[in-house]
file entry_29.txt (compact mmCIF, C-alpha atoms)
# COMPACT_ATOMS: atom_id res chain seq x y z
CA MET H 27 37.55 188.44 60.89
CA LEU H 28 37.03 185.41 63.11
CA ALA H 29 37.04 187.64 66.19
CA ARG H 30 34.37 189.85 64.65
CA LEU H 31 32.20 186.86 63.76
CA PHE H 32 32.64 185.49 67.27
CA ALA H 33 31.58 188.83 68.78
CA VAL H 34 28.53 188.95 66.51
CA ALA H 35 27.61 185.41 67.50
CA LEU H 36 27.92 186.26 71.19
CA CYS H 37 25.74 189.31 70.68
CA PHE H 38 23.11 187.21 68.89
CA VAL H 39 23.08 184.62 71.67
CA GLY H 40 22.84 187.34 74.31
CA CYS H 41 19.99 189.09 72.52
CA ALA H 42 18.16 185.81 72.04
CA ALA H 43 18.60 184.91 75.70
CA GLY H 44 17.41 188.36 76.73
CA SER H 45 14.27 187.99 74.67
CA MET H 46 13.36 184.58 76.13
CA PRO H 47 11.69 185.85 79.34
CA SER H 48 9.64 188.34 77.34
CA ALA H 49 8.61 185.65 74.87
CA ALA H 50 7.69 183.33 77.75
CA ALA H 51 5.50 186.03 79.27
CA GLU H 52 3.81 186.69 75.91
CA THR H 53 2.74 183.06 75.58
CA TYR H 54 1.95 182.58 79.30
CA PRO H 55 -0.28 180.90 80.26
CA SER H 56 -0.56 178.24 77.59
CA LYS H 57 -2.25 175.64 79.81
CA PRO H 58 -4.36 175.55 83.00
CA VAL H 59 -2.90 177.07 86.17
CA ARG H 60 -3.64 175.75 89.65
CA ILE H 61 -4.07 177.99 92.68
CA ILE H 62 -3.36 176.07 95.86
CA LEU H 63 -5.53 177.01 98.84
CA PRO H 64 -3.96 175.37 101.92
CA PHE H 65 -7.28 175.15 103.77
CA PRO H 66 -10.56 173.27 103.22
CA PRO H 67 -13.51 174.80 101.33
CA GLY H 68 -15.84 177.10 103.22
CA GLY H 69 -13.37 179.46 104.87
CA PRO H 70 -12.68 183.10 104.04
CA GLY H 71 -9.89 182.22 101.62
CA ASP H 72 -12.20 180.00 99.59
CA ILE H 73 -14.46 182.87 98.53
CA PHE H 74 -11.70 185.07 97.20
CA THR H 75 -9.61 182.26 95.69
CA ARG H 76 -12.57 181.27 93.53
CA LEU H 77 -13.25 184.89 92.57
CA LEU H 78 -9.57 185.35 91.72
CA ALA H 79 -9.50 182.17 89.64
CA GLU H 80 -12.46 183.33 87.57
CA SER H 81 -10.98 186.79 87.07
CA LEU H 82 -7.59 185.44 85.95
CA ARG H 83 -9.33 183.06 83.56
CA GLU H 84 -11.09 186.01 81.96
CA THR H 85 -7.95 188.15 81.88
CA LEU H 86 -5.32 185.61 80.85
CA GLY H 87 -7.40 183.20 78.79
CA GLN H 88 -6.68 179.88 80.50
CA PRO H 89 -8.47 178.01 83.31
CA PHE H 90 -7.25 178.81 86.83
CA ILE H 91 -8.24 175.89 89.03
CA VAL H 92 -8.56 176.06 92.82
CA ASP H 93 -6.68 173.14 94.37
CA TYR H 94 -7.62 172.55 98.03
CA ARG H 95 -4.69 171.15 100.01
CA PRO H 96 -5.62 171.48 103.71
CA GLY H 97 -3.70 170.20 106.70
CA ALA H 98 -1.22 171.22 109.41
CA THR H 99 -2.56 174.78 109.56
CA GLY H 100 -1.79 175.37 105.91
CA ILE H 101 1.71 173.89 106.01
CA ILE H 102 0.89 170.96 103.70
CA GLY H 103 -0.48 173.01 100.82
CA SER H 104 2.07 175.80 101.21
CA THR H 105 4.96 173.31 101.18
CA GLN H 106 3.61 171.80 97.96
CA ALA H 107 3.50 175.27 96.43
CA ALA H 108 7.05 176.05 97.58
CA ASN H 109 8.30 172.82 95.97
CA ALA H 110 6.36 173.26 92.70
CA ALA H 111 8.09 174.05 89.42
CA PRO H 112 8.70 177.82 89.24
CA ASP H 113 7.03 178.20 85.88
CA GLY H 114 3.91 180.20 86.76
CA TYR H 115 1.58 177.20 86.62
CA THR H 116 1.30 176.79 90.39
CA LEU H 117 0.25 179.68 92.61
CA LEU H 118 -0.59 179.90 96.30
CA PHE H 119 -3.40 181.89 97.93
CA ALA H 120 -2.54 182.11 101.61
CA PRO H 121 -3.08 184.13 104.80
CA THR H 122 -0.67 185.40 107.43
CA SER H 123 -1.36 182.36 109.61
CA SER H 124 -0.07 179.71 107.23
CA HIS H 125 2.50 181.77 105.37
CA VAL H 126 4.30 183.63 108.16
CA ILE H 127 3.16 182.33 111.55
CA ALA H 128 2.93 178.54 111.14
CA PRO H 129 6.48 178.08 109.76
CA LEU H 130 7.90 179.91 112.78
CA LEU H 131 6.48 177.18 115.00
CA ARG H 132 8.36 174.41 113.18
CA ASN H 133 12.00 173.47 113.61
CA PRO H 134 13.34 173.30 111.02
CA GLN H 135 11.05 175.66 109.14
CA PRO H 136 9.34 173.90 106.21
CA TYR H 137 9.67 177.05 104.08
CA ASP H 138 10.56 180.70 104.33
CA PRO H 139 7.80 183.16 103.29
CA LEU H 140 10.25 185.26 101.28
CA LYS H 141 13.13 182.98 100.28
CA ASN H 142 10.85 180.25 98.91
CA PHE H 143 8.18 182.46 97.34
CA VAL H 144 7.60 185.51 95.20
CA PRO H 145 4.91 187.61 96.93
CA LEU H 146 2.76 188.78 94.01
CA SER H 147 0.10 190.90 95.74
CA MET H 148 -1.67 191.29 99.07
CA ILE H 149 -5.41 191.28 98.33
CA LEU H 150 -7.06 192.23 101.62
CA THR H 151 -6.78 192.45 105.39
CA PHE H 152 -9.37 191.82 108.09
CA PRO H 153 -9.54 191.96 111.90
CA PHE H 154 -10.12 189.09 114.30
CA TYR H 155 -13.69 188.93 115.65
CA LEU H 156 -14.08 187.79 119.28
CA ILE H 157 -17.26 185.70 119.52
CA VAL H 158 -18.79 183.79 122.42
CA ASN H 159 -21.29 180.97 122.80
CA ASN H 160 -24.85 182.21 123.26
CA ASP H 161 -25.27 180.35 126.56
CA LEU H 162 -22.20 181.99 128.06
CA PRO H 163 -23.41 184.66 130.54
CA VAL H 164 -21.17 187.42 129.12
CA LYS H 165 -21.77 190.39 126.83
CA THR H 166 -18.44 192.20 127.12
CA VAL H 167 -14.75 191.36 127.08
CA SER H 168 -14.43 192.26 130.76
CA GLU H 169 -17.22 189.84 131.63
CA LEU H 170 -15.56 187.07 129.61
CA VAL H 171 -12.26 187.67 131.39
CA ALA H 172 -13.96 187.74 134.79
CA LEU H 173 -15.74 184.45 134.09
CA ALA H 174 -12.52 182.81 132.89
CA LYS H 175 -10.70 183.96 136.02
CA SER H 176 -13.46 182.62 138.24
CA LYS H 177 -13.24 179.20 136.56
CA PRO H 178 -9.59 178.70 135.56
CA GLY H 179 -8.98 175.92 133.05
CA THR H 180 -12.68 175.27 132.37
CA LEU H 181 -13.36 177.50 129.34
CA ASN H 182 -12.33 176.27 125.90
CA PHE H 183 -11.41 178.36 122.86
CA GLY H 184 -11.59 177.00 119.33
CA THR H 185 -9.25 177.64 116.40
CA ILE H 186 -8.67 176.36 112.88
CA GLY H 187 -5.45 174.70 114.01
CA ILE H 188 -2.26 174.94 116.02
CA GLY H 189 -0.21 177.88 114.81
CA SER H 190 -3.10 179.56 113.01
CA GLY H 191 -3.68 183.28 113.33
CA ASN H 192 -6.69 182.82 115.57
CA HIS H 193 -4.68 180.45 117.76
CA LEU H 194 -1.92 183.00 118.16
CA ILE H 195 -4.25 185.90 118.90
CA ASN H 196 -5.98 183.72 121.50
CA GLU H 197 -2.68 183.02 123.20
CA ILE H 198 -1.85 186.74 123.24
CA PHE H 199 -5.30 187.42 124.68
CA LYS H 200 -4.81 184.78 127.40
CA ALA H 201 -1.45 186.22 128.38
CA ARG H 202 -2.55 189.84 128.48
CA ALA H 203 -5.86 189.13 130.21
CA GLY H 204 -4.23 186.75 132.71
CA ILE H 205 -6.65 183.88 132.07
CA ASP H 206 -6.28 180.11 131.81
CA THR H 207 -8.36 178.61 128.97
CA THR H 208 -7.93 175.45 126.89
CA HIS H 209 -7.11 175.36 123.18
CA VAL H 210 -9.22 173.04 120.99
CA PRO H 211 -8.15 172.97 117.30
CA TYR H 212 -10.55 172.08 114.46
CA PRO H 213 -9.99 171.33 110.76
CA GLY H 214 -11.55 174.54 109.45
CA VAL H 215 -13.74 177.59 110.01
CA ALA H 216 -17.07 175.78 109.63
CA ALA H 217 -16.07 173.10 112.15
CA THR H 218 -14.93 175.75 114.62
CA GLN H 219 -18.19 177.67 114.32
CA LYS H 220 -20.18 174.47 114.78
CA ALA H 221 -18.21 173.70 117.93
CA LEU H 222 -18.94 177.17 119.29
CA ILE H 223 -22.67 176.93 118.58
CA GLY H 224 -22.79 173.44 120.09
CA GLY H 225 -20.97 174.52 123.25
CA GLU H 226 -17.83 172.41 122.75
CA VAL H 227 -15.89 175.69 123.01
CA GLN H 228 -16.99 178.88 124.73
CA TYR H 229 -15.29 181.50 122.55
CA ILE H 230 -13.34 181.93 119.32
CA PHE H 231 -11.54 184.61 117.33
CA ASP H 232 -12.97 184.38 113.80
CA SER H 233 -13.19 186.67 110.77
CA ILE H 234 -16.22 188.91 110.32
CA GLY H 235 -17.36 187.56 106.94
CA PRO H 236 -18.32 183.98 107.82
CA SER H 237 -19.40 184.77 111.39
CA ARG H 238 -21.51 187.89 110.95
CA PRO H 239 -24.54 186.06 109.48
CA LEU H 240 -24.52 183.63 112.42
CA VAL H 241 -24.22 186.49 114.90
CA ASN H 242 -27.05 188.36 113.17
CA ALA H 243 -29.16 185.19 113.29
CA GLY H 244 -28.66 185.01 117.05
CA ARG H 245 -26.67 181.77 117.00
CA MET H 246 -23.55 183.29 118.58
CA ARG H 247 -22.58 186.64 120.14
CA GLY H 248 -19.84 188.99 118.91
CA ILE H 249 -18.25 191.18 121.57
CA ALA H 250 -15.07 192.81 120.15
CA ILE H 251 -12.63 193.01 117.23
CA THR H 252 -8.89 193.54 116.88
CA GLY H 253 -7.45 196.42 114.87
CA ARG H 254 -7.20 200.16 115.36
CA GLU H 255 -10.76 201.09 114.50
CA ARG H 256 -14.26 199.65 114.45
CA SER H 257 -15.53 197.78 111.42
CA ARG H 258 -18.02 199.55 109.18
CA LEU H 259 -20.05 196.34 109.29
CA LEU H 260 -20.02 196.24 113.10
CA PRO H 261 -20.35 199.86 114.21
CA ASP H 262 -21.63 198.86 117.65
CA THR H 263 -18.84 196.36 118.33
CA PRO H 264 -15.84 197.87 120.16
CA THR H 265 -12.21 197.18 119.45
CA LEU H 266 -10.32 195.31 122.13
CA GLU H 267 -8.52 198.54 122.98
CA GLU H 268 -11.86 200.27 123.55
CA ALA H 269 -12.85 197.32 125.72
CA GLY H 270 -9.83 197.95 127.92
CA TYR H 271 -7.22 195.69 126.31
CA PRO H 272 -4.76 197.77 124.24
CA GLY H 273 -2.10 196.43 121.89
CA PHE H 274 -4.36 194.30 119.67
CA ASP H 275 -3.59 195.91 116.31
CA GLN H 276 -3.02 192.53 114.67
CA VAL H 277 -5.01 191.72 111.53
CA ILE H 278 -4.89 188.88 109.02
CA TRP H 279 -4.05 189.35 105.36
CA PHE H 280 -4.59 187.15 102.31
CA GLY H 281 -2.26 187.30 99.33
CA VAL H 282 -1.04 185.49 96.24
CA PHE H 283 2.39 183.90 95.84
CA ALA H 284 4.43 182.09 93.20
CA PRO H 285 7.33 179.71 93.88
CA ALA H 286 10.76 181.36 94.11
CA GLY H 287 12.51 181.33 90.76
CA THR H 288 9.40 182.10 88.72
CA PRO H 289 10.57 184.11 85.69
CA LYS H 290 10.33 187.81 86.42
CA ALA H 291 8.32 188.56 83.28
CA ILE H 292 5.70 185.95 84.21
CA ALA H 293 5.59 187.15 87.83
CA GLU H 294 5.07 190.72 86.64
CA LYS H 295 2.28 189.64 84.31
CA LEU H 296 0.56 187.84 87.18
CA GLU H 297 1.12 190.77 89.56
CA LYS H 298 -0.55 193.15 87.11
CA ALA H 299 -3.53 190.83 86.59
CA ILE H 300 -3.99 190.21 90.32
CA ILE H 301 -3.86 193.92 91.17
CA ALA H 302 -6.43 194.59 88.44
CA PHE H 303 -8.66 191.93 90.01
CA ALA H 304 -8.36 193.44 93.50
CA GLN H 305 -9.18 196.93 92.15
CA ARG H 306 -12.39 195.94 90.37
CA PRO H 307 -15.35 197.75 91.97
CA GLU H 308 -17.38 194.57 92.42
CA ILE H 309 -14.43 192.83 94.14
CA ILE H 310 -13.85 195.82 96.41
CA GLN H 311 -17.54 195.65 97.33
CA ARG H 312 -17.27 191.93 98.13
CA ILE H 313 -14.19 192.56 100.27
CA VAL H 314 -15.94 195.34 102.21
CA GLU H 315 -19.07 193.20 102.63
CA PHE H 316 -16.82 190.51 104.07
CA GLY H 317 -15.71 192.95 106.75
CA ALA H 318 -12.25 193.36 105.26
CA THR H 319 -10.13 196.15 103.79
CA PRO H 320 -9.01 196.08 100.12
CA VAL H 321 -5.24 196.38 99.58
CA ALA H 322 -4.06 195.40 96.05
CA SER H 323 -0.35 195.84 96.85
CA THR H 324 2.55 195.52 94.45
CA THR H 325 5.15 192.77 94.79
CA GLU H 326 7.59 195.27 96.27
CA GLN H 327 5.07 196.50 98.86
CA PHE H 328 3.97 192.99 99.81
CA THR H 329 7.57 191.80 100.19
CA ALA H 330 8.42 194.75 102.44
CA HIS H 331 5.34 194.13 104.58
CA ILE H 332 6.23 190.48 105.20
CA ALA H 333 9.83 191.44 106.01
CA ARG H 334 8.55 193.84 108.68
CA GLU H 335 5.97 191.41 110.02
CA GLN H 336 8.12 188.30 110.45
CA PRO H 337 10.11 189.50 113.48
CA MET H 338 6.95 190.80 115.15
CA TRP H 339 5.22 187.40 115.02
CA ARG H 340 8.46 185.66 116.03
CA GLU H 341 8.58 187.86 119.12
CA VAL H 342 4.93 187.08 119.93
CA ILE H 343 5.62 183.34 119.68
CA THR H 344 8.77 183.53 121.78
CA SER H 345 7.47 185.86 124.48
CA ASN H 346 4.27 183.84 124.93
CA ASN H 347 6.10 180.49 124.77
CA ILE H 348 3.74 179.20 122.08
CA GLN H 349 4.66 175.68 121.01
CA LEU H 350 3.18 173.04 118.76
CA ASN H 351 2.22 170.83 121.70
CA ASN H 352 -0.01 173.53 123.22
call {"tool": "encode", "arguments": {"input": "entry_29.txt", "output": "structure tokens"}}
result
Amino acid sequence: MLARLFAVALCFVGCAAGSMPSAAAETYPSKPVRIILPFPPGGPGDIFTRLLAESLRETLGQPFIVDYRPGATGIIGSTQAANAAPDGYTLLFAPTSSHVIAPLLRNPQPYDPLKNFVPLSMILTFPFYLIVNNDLPVKTVSELVALAKSKPGTLNFGTIGIGSGNHLINEIFKARAGIDTTHVPYPGVAATQKALIGGEVQYIFDSIGPSRPLVNAGRMRGIAITGRERSRLLPDTPTLEEAGYPGFDQVIWFGVFAPAGTPKAIAEKLEKAIIAFAQRPEIIQRIVEFGATPVASTTEQFTAHIAREQPMWREVITSNNIQLNN
């Protein structure tokens, strides 16, 4: 009799424990949720983080607040997200540059993009846009390379920080083009663009969204993009491969993460809501207008993508001897 009662009690405890994640997901969220953006306002991530926050508020019924935590090429904000309580009330909206690339340049690594996070969904991808200062006497990639070779060490390129995606693509470009140019990091996209317009730097690799209006206004000149095909927004702008420099398939993605250990039921609820956001027609239109490609991946797909990408970027860093004191 006692054995039977004990077995029943164990079954009750097991059933109750099994129902806890489901119950937690049913009541989640019960208070405001913060979405850390590890960069300052004004960049490409800012637009879509705010759109995501509003969509999740509508879908899940609680405020989702954008929390700007810039610094160290996204390392500061991303580290805070990795160390946050894994309860679904802290999320991270981050790009390839801060989530995969920047940690590879630190020893020890401040966080691992997979071990310390649950990748919830990749939202979009976009190519790098090679842009030059208007006063620079070049209109093509070949002319830029020729000018740099004629004046080694005198041209500057701007980035949003050491270890950022546009820093890394610049270093790859330097190595493959055989040029010597100087890296000048800035605290964000707007500051980098201002430096280009003002002539502090002579060229940058930016994203299409924030730069296209300035190019269209004649304040800077776009000459090429990375990726395998031309952008629908820039049909007259060649890819780097078309310009004679193959092997520049690299693009940047933005995605949403939760700290490792977040209950599976809550992570799945967030994944579903984020995918629904990224599949809304008006969001797809905004992504395309930004010069990007909509993705809306599942957690499984996003995790697999990062696992494939990590060794590729590690090889780029190692083979080009890219270090934090560059």
call {"tool": "closest_residue", "arguments": {"input": "entry_29.txt", "among": "H:Asp275, H:Pro136, H:Ala299, H:Thr319", "to": "Met338 in chain H", "atoms": "all atoms listed in the file"}}
result
H:Asp275
call {"tool": "residues_around", "arguments": {"input": "entry_29.txt", "residues": "Phe199 in chain H", "least_positions_apart": "2", "cutoff": "10 Å", "atoms": "only C-alpha atoms", "output": "ChimeraX atom specification"}}
result
/H:171,193-197,201-205,266,271,273-274
call {"tool": "residues_around", "arguments": {"input": "entry_29.txt", "residues": "range 182-186 of chain H", "least_positions_apart": "6", "cutoff": "9 Å", "atoms": "all atoms listed in the file", "output": "list in words"}}
result
Thr99, Asn192, His193, Asn196, Thr207, Thr208, His209, Val210, Pro211, Tyr212, Pro213, Gly214, Val215, Ala217, Thr218, Gln219, Ala221, Leu222, Glu226, Val227, Gln228, Tyr229, Ile230, Phe231 and Asp232 of chain H
call {"tool": "atom_distance", "arguments": {"input": "entry_29.txt", "atom1": "CA of Ser257 in chain H", "atom2": "CA of Trp279 in chain H"}}
result
15.5 Å
call {"tool": "atom_distance", "arguments": {"input": "entry_29.txt", "atom1": "CA of Gly187 in chain H", "atom2": "CA of Pro96 in chain H"}}
result
10.8 Å
call {"tool": "closest_residue", "arguments": {"input": "entry_29.txt", "among": "H:Pro89, H:Gly68, H:Pro55, H:Pro129", "to": "Trp339 in chain H", "atoms": "only C-alpha atoms"}}
result
H:Pro129
call {"tool": "closest_residue", "arguments": {"input": "entry_29.txt", "among": "H:Phe119, H:Tyr94, H:Phe152, H:Phe283", "to": "Phe316 in chain H", "atoms": "all atoms listed in the file"}}
result
H:Phe152
call {"tool": "closest_atom_pairs", "arguments": {"input": "entry_29.txt", "of": "range 206-297 of chain H", "to": "range 155-162 of chain H", "cutoff": "12 Å", "atoms": "only C-alpha atoms", "output": "JSON lines"}}
result
{"residue": "H:Thr218", "atom": "CA", "partner": "H:Ile157", "partner_atom": "CA", "distance": 11.3}
{"residue": "H:Gln219", "atom": "CA", "partner": "H:Ile157", "partner_atom": "CA", "distance": 9.6}
{"residue": "H:Lys220", "atom": "CA", "partner": "H:Asn159", "partner_atom": "CA", "distance": 10.4}
{"residue": "H:Ala221", "atom": "CA", "partner": "H:Asn159", "partner_atom": "CA", "distance": 9.3}
{"residue": "H:Leu222", "atom": "CA", "partner": "H:Asn159", "partner_atom": "CA", "distance": 5.7}
{"residue": "H:Ile223", "atom": "CA", "partner": "H:Asn159", "partner_atom": "CA", "distance": 6.0}
{"residue": "H:Gly224", "atom": "CA", "partner": "H:Asn159", "partner_atom": "CA", "distance": 8.1}
{"residue": "H:Gly225", "atom": "CA", "partner": "H:Asn159", "partner_atom": "CA", "distance": 6.5}
{"residue": "H:Glu226", "atom": "CA", "partner": "H:Asn159", "partner_atom": "CA", "distance": 9.2}
{"residue": "H:Val227", "atom": "CA", "partner": "H:Asn159", "partner_atom": "CA", "distance": 7.6}
{"residue": "H:Gln228", "atom": "CA", "partner": "H:Asn159", "partner_atom": "CA", "distance": 5.2}
{"residue": "H:Tyr229", "atom": "CA", "partner": "H:Val158", "partner_atom": "CA", "distance": 4.2}
{"residue": "H:Ile230", "atom": "CA", "partner": "H:Ile157", "partner_atom": "CA", "distance": 5.4}
{"residue": "H:Phe231", "atom": "CA", "partner": "H:Leu156", "partner_atom": "CA", "distance": 4.5}
{"residue": "H:Asp232", "atom": "CA", "partner": "H:Tyr155", "partner_atom": "CA", "distance": 5.0}
{"residue": "H:Ser233", "atom": "CA", "partner": "H:Tyr155", "partner_atom": "CA", "distance": 5.4}
{"residue": "H:Ile234", "atom": "CA", "partner": "H:Tyr155", "partner_atom": "CA", "distance": 5.9}
{"residue": "H:Gly235", "atom": "CA", "partner": "H:Tyr155", "partner_atom": "CA", "distance": 9.6}
{"residue": "H:Pro236", "atom": "CA", "partner": "H:Tyr155", "partner_atom": "CA", "distance": 10.4}
{"residue": "H:Ser237", "atom": "CA", "partner": "H:Tyr155", "partner_atom": "CA", "distance": 8.2}
{"residue": "H:Arg238", "atom": "CA", "partner": "H:Tyr155", "partner_atom": "CA", "distance": 9.2}
{"residue": "H:Leu240", "atom": "CA", "partner": "H:Ile157", "partner_atom": "CA", "distance": 10.4}
{"residue": "H:Val241", "atom": "CA", "partner": "H:Ile157", "partner_atom": "CA", "distance": 8.4}
{"residue": "H:Asn242", "atom": "CA", "partner": "H:Ile157", "partner_atom": "CA", "distance": 12.0}
{"residue": "H:Ala243", "atom": "CA", "partner": "H:Asn160", "partner_atom": "CA", "distance": 11.3}
{"residue": "H:Gly244", "atom": "CA", "partner": "H:Asn160", "partner_atom": "CA", "distance": 7.8}
{"residue": "H:Arg245", "atom": "CA", "partner": "H:Asn160", "partner_atom": "CA", "distance": 6.5}
{"residue": "H:Met246", "atom": "CA", "partner": "H:Asn160", "partner_atom": "CA", "distance": 5.0}
{"residue": "H:Arg247", "atom": "CA", "partner": "H:Val158", "partner_atom": "CA", "distance": 5.3}
{"residue": "H:Gly248", "atom": "CA", "partner": "H:Ile157", "partner_atom": "CA", "distance": 4.2}
{"residue": "H:Ile249", "atom": "CA", "partner": "H:Leu156", "partner_atom": "CA", "distance": 5.8}
{"residue": "H:Ala250", "atom": "CA", "partner": "H:Leu156", "partner_atom": "CA", "distance": 5.2}
{"residue": "H:Ile251", "atom": "CA", "partner": "H:Tyr155", "partner_atom": "CA", "distance": 4.5}
{"residue": "H:Thr252", "atom": "CA", "partner": "H:Tyr155", "partner_atom": "CA", "distance": 6.8}
{"residue": "H:Gly253", "atom": "CA", "partner": "H:Tyr155", "partner_atom": "CA", "distance": 9.8}
{"residue": "H:Arg256", "atom": "CA", "partner": "H:Tyr155", "partner_atom": "CA", "distance": 10.8}
{"residue": "H:Ser257", "atom": "CA", "partner": "H:Tyr155", "partner_atom": "CA", "distance": 10.0}
{"residue": "H:Leu259", "atom": "CA", "partner": "H:Tyr155", "partner_atom": "CA", "distance": 11.7}
{"residue": "H:Leu260", "atom": "CA", "partner": "H:Tyr155", "partner_atom": "CA", "distance": 10.0}
{"residue": "H:Thr263", "atom": "CA", "partner": "H:Tyr155", "partner_atom": "CA", "distance": 9.4}
{"residue": "H:Pro264", "atom": "CA", "partner": "H:Tyr155", "partner_atom": "CA", "distance": 10.2}
{"residue": "H:Thr265", "atom": "CA", "partner": "H:Tyr155", "partner_atom": "CA", "distance": 9.2}
{"residue": "H:Leu266", "atom": "CA", "partner": "H:Leu156", "partner_atom": "CA", "distance": 8.9}
{"residue": "H:Ala269", "atom": "CA", "partner": "H:Leu156", "partner_atom": "CA", "distance": 11.6}
{"residue": "H:Phe274", "atom": "CA", "partner": "H:Tyr155", "partner_atom": "CA", "distance": 11.5}
{"residue": "H:Gln276", "atom": "CA", "partner": "H:Tyr155", "partner_atom": "CA", "distance": 11.3}
{"residue": "H:Val277", "atom": "CA", "partner": "H:Tyr155", "partner_atom": "CA", "distance": 10.0}
{"residue": "H:Ile278", "atom": "CA", "partner": "H:Tyr155", "partner_atom": "CA", "distance": 11.0}
call {"tool": "closest_residue", "arguments": {"input": "entry_29.txt", "among": "H:Leu63, H:Leu82, H:Ile91, H:Val144", "to": "Pro289 in chain H", "atoms": "all atoms listed in the file"}}
result
H:Val144
call {"tool": "closest_residue", "arguments": {"input": "entry_29.txt", "among": "H:Glu267, H:Asp113, H:Asp72, H:Asp138", "to": "Ala333 in chain H", "atoms": "all atoms listed in the file"}}
result
H:Asp138
call {"tool": "residues_near_point", "arguments": {"input": "entry_29.txt", "point": "(1.1, 186.4, 103.9)", "cutoff": "7 Å", "atoms": "only C-alpha atoms", "output": "PyMOL selection string"}}
result
chain H and resi 120-122+125-126+279-281+332
call {"tool": "closest_residue", "arguments": {"input": "entry_29.txt", "among": "H:Asn142, H:Thr344, H:Thr53, H:Ser323", "to": "Ala108 in chain H", "atoms": "only C-alpha atoms"}}
result
H:Asn142
call {"tool": "residues_around", "arguments": {"input": "entry_29.txt", "residues": "range 310-312 of chain H", "least_positions_apart": "3", "cutoff": "10 Å", "atoms": "all atoms listed in the file", "output": "PDB file with C-alpha atoms, in the coordinates of the input"}}
result
ATOM      1  CA  ILE H  73     -14.460 182.870  98.530  1.00  0.00           C
ATOM      2  CA  PHE H  74     -11.700 185.070  97.200  1.00  0.00           C
ATOM      3  CA  LEU H  77     -13.250 184.890  92.570  1.00  0.00           C
ATOM      4  CA  ILE H 149      -5.410 191.280  98.330  1.00  0.00           C
ATOM      5  CA  LEU H 150      -7.060 192.230 101.620  1.00  0.00           C
ATOM      6  CA  GLY H 235     -17.360 187.560 106.940  1.00  0.00           C
ATOM      7  CA  PHE H 303      -8.660 191.930  90.010  1.00  0.00           C
ATOM      8  CA  ALA H 304      -8.360 193.440  93.500  1.00  0.00           C
ATOM      9  CA  GLN H 305      -9.180 196.930  92.150  1.00  0.00           C
ATOM     10  CA  ARG H 306     -12.390 195.940  90.370  1.00  0.00           C
ATOM     11  CA  PRO H 307     -15.350 197.750  91.970  1.00  0.00           C
ATOM     12  CA  GLU H 315     -19.070 193.200 102.630  1.00  0.00           C
ATOM     13  CA  PHE H 316     -16.820 190.510 104.070  1.00  0.00           C
ATOM     14  CA  GLY H 317     -15.710 192.950 106.750  1.00  0.00           C
ATOM     15  CA  ALA H 318     -12.250 193.360 105.260  1.00  0.00           C
ATOM     16  CA  THR H 319     -10.130 196.150 103.790  1.00  0.00           C
ATOM     17  CA  PRO H 320      -9.010 196.080 100.120  1.00  0.00           C
ATOM     18  CA  VAL H 321      -5.240 196.380  99.580  1.00  0.00           C
ATOM     19  CA  ALA H 322      -4.060 195.400  96.050  1.00  0.00           C
TER      20      ALA H 322
END
call {"tool": "residues_around", "arguments": {"input": "entry_29.txt", "residues": "Ala111 in chain H", "least_positions_apart": "3", "cutoff": "12 Å", "atoms": "only C-alpha atoms", "output": "ChimeraX atom specification"}}
result
/H:59-60,106-108,114-117,142-143,284-289
call {"tool": "write_last_selection", "arguments": {"input": "entry_29.txt", "atoms": "C-alpha atoms", "output": "PDB file, in the frame of the given file"}}
result
ATOM      1  CA  VAL H  59      -2.900 177.070  86.170  1.00  0.00           C
ATOM      2  CA  ARG H  60      -3.640 175.750  89.650  1.00  0.00           C
ATOM      3  CA  GLN H 106       3.610 171.800  97.960  1.00  0.00           C
ATOM      4  CA  ALA H 107       3.500 175.270  96.430  1.00  0.00           C
ATOM      5  CA  ALA H 108       7.050 176.050  97.580  1.00  0.00           C
ATOM      6  CA  GLY H 114       3.910 180.200  86.760  1.00  0.00           C
ATOM      7  CA  TYR H 115       1.580 177.200  86.620  1.00  0.00           C
ATOM      8  CA  THR H 116       1.300 176.790  90.390  1.00  0.00           C
ATOM      9  CA  LEU H 117       0.250 179.680  92.610  1.00  0.00           C
ATOM     10  CA  ASN H 142      10.850 180.250  98.910  1.00  0.00           C
ATOM     11  CA  PHE H 143       8.180 182.460  97.340  1.00  0.00           C
ATOM     12  CA  ALA H 284       4.430 182.090  93.200  1.00  0.00           C
ATOM     13  CA  PRO H 285       7.330 179.710  93.880  1.00  0.00           C
ATOM     14  CA  ALA H 286      10.760 181.360  94.110  1.00  0.00           C
ATOM     15  CA  GLY H 287      12.510 181.330  90.760  1.00  0.00           C
ATOM     16  CA  THR H 288       9.400 182.100  88.720  1.00  0.00           C
ATOM     17  CA  PRO H 289      10.570 184.110  85.690  1.00  0.00           C
TER      18      PRO H 289
END
call {"tool": "atom_distance", "arguments": {"input": "entry_29.txt", "atom1": "CA of Pro239 in chain H", "atom2": "CA of Ser124 in chain H"}}
result
25.4 Å
call {"tool": "residues_around", "arguments": {"input": "entry_29.txt", "residues": "range 294-298 of chain H", "least_positions_apart": "5", "cutoff": "8 Å", "atoms": "only C-alpha atoms", "output": "ChimeraX atom specification"}}
result
/H:51,146-147,324-325
